[in-house]
Amino acid sequence: MSSYKEYSEKLTHCVYTMMQPTINVEDVDTLSLEKSLINRLYYALYNRIIAELPDLQSSTTANKHMQINQILLKQSSKRSIEQVQQVFNDMKTLREWADYKPNDSIPPYNLSILQNKVYSIVKREKLF
Amino acid sequence: MGIKNFSMSLALVATLSLQALADNTSTYIQEEQKAISSAKQHLISATKNTEIAIIFKELQVSSEQFNDNVIRFLNSKITDFAKEDSEKTGMLLANLALHNDNKIKFYKEIRKIIKKNKFSKEMKADLVLLEHISKEFQKEIQKFIDISYMEIEAKNHFKALKALHNEYQFNDYWYSISDVYNENIVLFLSLENIKEDIFDAEDKLNKELLSLQSLKKDMTKDIELPNIGGFDFDKMNKTHFSRVSLI
């Protein structure tokens with residue numbers, strides 16, 4: 001569990017660092033950079049959740065994303081898990097936009113809010 | 001006769017406005033209507049097959065240009081246009097729907113005549129292709145209509161939530177158009193900054209959203225839905241969004 005959790009925390013911290021004004025990103029396309037950050041935030045969350053699902057860690061199944069969602073949905077009567085399920089799905093929607101839909105309109109996201117939202121889940125001691 | 005080549009003018013539209021797209025689409029529709037009327041006149045005598053074959057070819061080329069310059073363009077811009085002016089976008093889509101429906105009816109008429117007359121194999125194949133293209137357009141236009149209704153609801157909810165919760169600095173709203181046929185669509189709301197717990201704020205806004213959805217259901221239950229051929233307007237009365245998410 002710990003390596004997944006560490007990785008998840010590292011990814012979230014990477015996003016936080018990249019957001020600092022001291023980073024020179026003049027040569028980086030802003031939208032591409034933001035899309036990368038959204039992607040990393042999604043995977044931070046993905047790995048944080050999978051950290052508590054050992055069966056999925058070793059599974060070779062094709063669509064772990066869908067399986068995570070199903071597991072979360074089954075337990076979503078608990079508000080704290082419903083929050084995780086909703087943030088996971090919302091970040092998935094944003095990641096799909098970032099990675100696969102260059103022609104769709106750009107969501108008016110605020111990266112600080114997204115980072116805070118994901119980090120509030122990543123830092124939890126236990127999700128389930 | 002001859003349908004004008006619009007590929008240049010429509011290609012330019014990619015960088016232009018909704019008004020420019022509406023104007024060009026309207027000219028395109030007029031030209032196709034002329035071609036269809038001309039084909040109908042030749043069909044009455046059913047002797048000038050060559051003329052009809054030429055019109056079929058022109059309608060094919062026109063449809064291809066239309067697909068490249070209007071349908072594909074609308075695919076990436078429909079939400080922006082509906083957001084900018086939902087009435088004008090609605091009018092554009094209604095014109096497209098009506099025109100496409102007339103084309104489908106026209107092809108049905110020709111099909112009946114083909115059964116009675118000796119049309120060439122090539123002409124029959126051309127007709128099958130034209131029918132196929134129109135059916136594909138029908139699906140695309142239907143999707144645009146459905147997205148427009150989703151956009152109208154999103155805009156109204158956004159305005160209402162902004163008015164009811166001036167403690168937040170709302171920037172804008174967004175949703176994934178790929179979700180148009182899904183249940184439980186999320187309305188993403190962007191805020192300038194937020195001091196309170198994000199999940200508490202979402203809970204508060206979600207309660208409001210439920211009231212707005214119930215209000216919409218009450219207000220739209222007796223509305224008679226418009227009827228244009230094979231198109232359905234059910235989404236006008238539908239409530240799309242099941243929750244909000246702050247992003």
# chains A, B, ... in the order shown; residues from 1 in each chain; ligands from 1
>>> interface_residues(of="chain B", to="chain A", cutoff="9 Å", atoms="only C-alpha atoms", output="list of chain:residue names")
B:Asn75, B:Ser76, B:Lys77, B:Thr79, B:Asp80, B:Asn171, B:Asp172, B:Tyr173, B:Trp174, B:Tyr175, B:Ser176, B:Ile177, B:Val186, B:Phe188, B:Leu189, B:Ser190, B:Leu191, B:Glu192, B:Asn193, B:Ile194, B:Ile198, B:Phe199, B:Ser245, B:Leu246, B:Ile247
>>> residues_around(residues="Glu136 in chain B", least_positions_apart="5", cutoff="12 Å", atoms="only C-alpha atoms", output="JSON, numbers by chain")
{"B": [63, 64, 67, 71, 100, 101, 104, 129, 130, 131, 141, 142, 143]}
>>> closest_residue(among="A:Arg48, A:Arg40, A:Arg95, A:Lys35", to="Val122 in chain A", atoms="only C-alpha atoms")
A:Arg48
>>> atom_distance(atom1="CA of Leu31 in chain A", atom2="CA of Ile121 in chain A")
25.2 Å
>>> select_by_dssp(residues="range 4-217 of chain B", states="helix (DSSP H, G or I)", output="MDAnalysis selection string")
chainID B and resid 7:15 18:45 49:84 86:116 121:164 177:181 198:217
>>> residues_around(residues="Glu82 in chain A", least_positions_apart="3", cutoff="12 Å", atoms="only C-alpha atoms", output="VMD selection string")
(chain A and resid 69 to 79 85 to 89 121 127 to 128) or (chain B and resid 199 203)
>>> residues_around(residues="Ser32 in chain A", least_positions_apart="6", cutoff="10 Å", atoms="only C-alpha atoms", output="list in words")
Ile38, Ala98 and Asp99 of chain A
>>> write_last_selection(atoms="C-alpha atoms", output="JSON list (two decimals), in the first residue's frame")
[["chain", "number", "residue", "atom", "x", "y", "z"],
["A", 38, "ILE", "CA", -4.95, 17.62, -14.68],
["A", 98, "ALA", "CA", -7.32, 16.97, -21.37],
["A", 99, "ASP", "CA", -5.96, 13.87, -23.06]]
>>> atom_distance(atom1="CA of Tyr42 in chain A", atom2="CA of Lys123 in chain A")
14.5 Å
>>> atom_distance(atom1="CA of Ile49 in chain A", atom2="CA of Tyr119 in chain A")
12.2 Å
>>> closest_residue(among="A:Glu6, A:Asn47, A:Ser36, A:Lys92", to="Met19 in chain A", atoms="only C-alpha atoms")
A:Ser36
